[in-house]
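Scroll down for the structure; my scribbles are underneath it.
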Amino acid sequence: METKRPVGVTIIGILTIIGGIIFLFAGIGLVVLAPLISQVNLENSNTSNSTVSINVNGTDVTIPNNAIFILGGLMGVLGGILIVLGIASFVVAWGLFTGKGWAWIVTIIITIISIILNIILIIFGSLESVIGLIINGIIIYYLYRPGVKSYYGRVKGPTV
């Protein structure tokens, strides 16, 4: 007997797809920009080509040219990670839509991590993170509802 997918699961799956799209576009953007940033060679007439001095809010900051190359490399690595996370988001969304138990577990873990990060951000003054905390709390509450747990095979016996 096939159970009908709860509406909230569809909403969570759609949100997961949207997150995956954002990860993909951000990752692709960083991967595309990384080689361009790595090739930047700033010249400074005051010193050799190995460093660049920039005045930031009245303070002279000296940046070695190789740091810009390293920044480009880090951007490429971060972009690759975001692309993988984007693809993983699509896989998790598929699992959510099709009632796979592992997708329920992965969503719970990711949501708990997000709750912890939102709490840390709130402690450091990001009051906007309260919205994320509330949304993640609702997702955890919803995923533990008996009908939803039953859809993912997490409850044995009849649902209430």
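Ligands are numbered from 1 in the order shown, chains are lettered A, B, ... in the order of the structure tokens, and residues start at 1 in each chain.
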Determine, using only C-alpha atoms, which residues of region 56-158 of chain A have any atom at most 6 Å from an atom of region 7-18 of chain A, and tabulate each with its shortest atom pair and distance in Å to one decimal place, rows ordered by chain and then rising number, as a Markdown table.
| residue | atom | partner | partner_atom | distance |
| --- | --- | --- | --- | --- |
| A:Ser89 | CA | A:Thr16 | CA | 5.9 |
| A:Phe90 | CA | A:Ile17 | CA | 5.7 |
| A:Ala93 | CA | A:Gly13 | CA | 4.8 |
| A:Leu96 | CA | A:Gly13 | CA | 5.9 |
Do you know which residues are at most 8 Å from Gly153 (chain A) counting only C-alpha atoms, after dropping those on the same chain fewer than 4 positions away, and could you put them as a list in words? Gly99, Lys100, Gly101 and Lys149 of chain A
Pairwise distance for CA of Asn136 (chain A) and CA of Ile115 (chain A), rounded to one decimal in Å: 6.3 Å
Those of chain A in DSSP strand (DSSP E or B), formatted as a PyMOL selection string: chain A and resi 51-56+59-64
Those same residues, written as a PDB file, in the first residue's frame with N, CA and C atoms?
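Saved to selection_11.pdb:
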ATOM      1  N   THR A  51      54.517  42.691  -3.728  1.00  0.00           N
ATOM      2  CA  THR A  51      53.486  43.137  -2.791  1.00  0.00           C
ATOM      3  C   THR A  51      52.719  44.315  -3.368  1.00  0.00           C
ATOM      4  N   VAL A  52      51.546  44.534  -2.818  1.00  0.00           N
ATOM      5  CA  VAL A  52      50.705  45.663  -3.211  1.00  0.00           C
ATOM      6  C   VAL A  52      50.222  46.322  -1.936  1.00  0.00           C
ATOM      7  N   SER A  53      50.301  47.648  -1.874  1.00  0.00           N
ATOM      8  CA  SER A  53      49.787  48.377  -0.724  1.00  0.00           C
ATOM      9  C   SER A  53      48.461  49.019  -1.095  1.00  0.00           C
ATOM     10  N   ILE A  54      47.495  48.814  -0.233  1.00  0.00           N
ATOM     11  CA  ILE A  54      46.155  49.378  -0.441  1.00  0.00           C
ATOM     12  C   ILE A  54      45.800  50.171   0.798  1.00  0.00           C
ATOM     13  N   ASN A  55      45.204  51.340   0.597  1.00  0.00           N
ATOM     14  CA  ASN A  55      44.760  52.160   1.709  1.00  0.00           C
ATOM     15  C   ASN A  55      43.298  51.832   1.994  1.00  0.00           C
ATOM     16  N   VAL A  56      43.057  51.223   3.161  1.00  0.00           N
ATOM     17  CA  VAL A  56      41.709  50.841   3.571  1.00  0.00           C
ATOM     18  C   VAL A  56      41.332  51.663   4.790  1.00  0.00           C
ATOM     19  N   THR A  59      44.180  53.171   6.624  1.00  0.00           N
ATOM     20  CA  THR A  59      45.227  52.254   7.059  1.00  0.00           C
ATOM     21  C   THR A  59      45.840  51.598   5.834  1.00  0.00           C
ATOM     22  N   ASP A  60      47.176  51.640   5.747  1.00  0.00           N
ATOM     23  CA  ASP A  60      47.853  50.969   4.640  1.00  0.00           C
ATOM     24  C   ASP A  60      47.918  49.471   4.901  1.00  0.00           C
ATOM     25  N   VAL A  61      47.412  48.718   3.949  1.00  0.00           N
ATOM     26  CA  VAL A  61      47.427  47.254   4.037  1.00  0.00           C
ATOM     27  C   VAL A  61      48.304  46.740   2.909  1.00  0.00           C
ATOM     28  N   THR A  62      49.288  45.906   3.238  1.00  0.00           N
ATOM     29  CA  THR A  62      50.182  45.327   2.239  1.00  0.00           C
ATOM     30  C   THR A  62      49.763  43.889   1.974  1.00  0.00           C
ATOM     31  N   ILE A  63      49.496  43.594   0.706  1.00  0.00           N
ATOM     32  CA  ILE A  63      49.055  42.257   0.305  1.00  0.00           C
ATOM     33  C   ILE A  63      50.084  41.679  -0.652  1.00  0.00           C
ATOM     34  N   PRO A  64      50.620  40.509  -0.348  1.00  0.00           N
ATOM     35  CA  PRO A  64      51.529  39.891  -1.310  1.00  0.00           C
ATOM     36  C   PRO A  64      50.744  39.398  -2.527  1.00  0.00           C
TER      37      PRO A  64
END
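Atom pair CA of Ile140 (chain A) / CA of Leu78 (chain A): separated by 28.2 Å.
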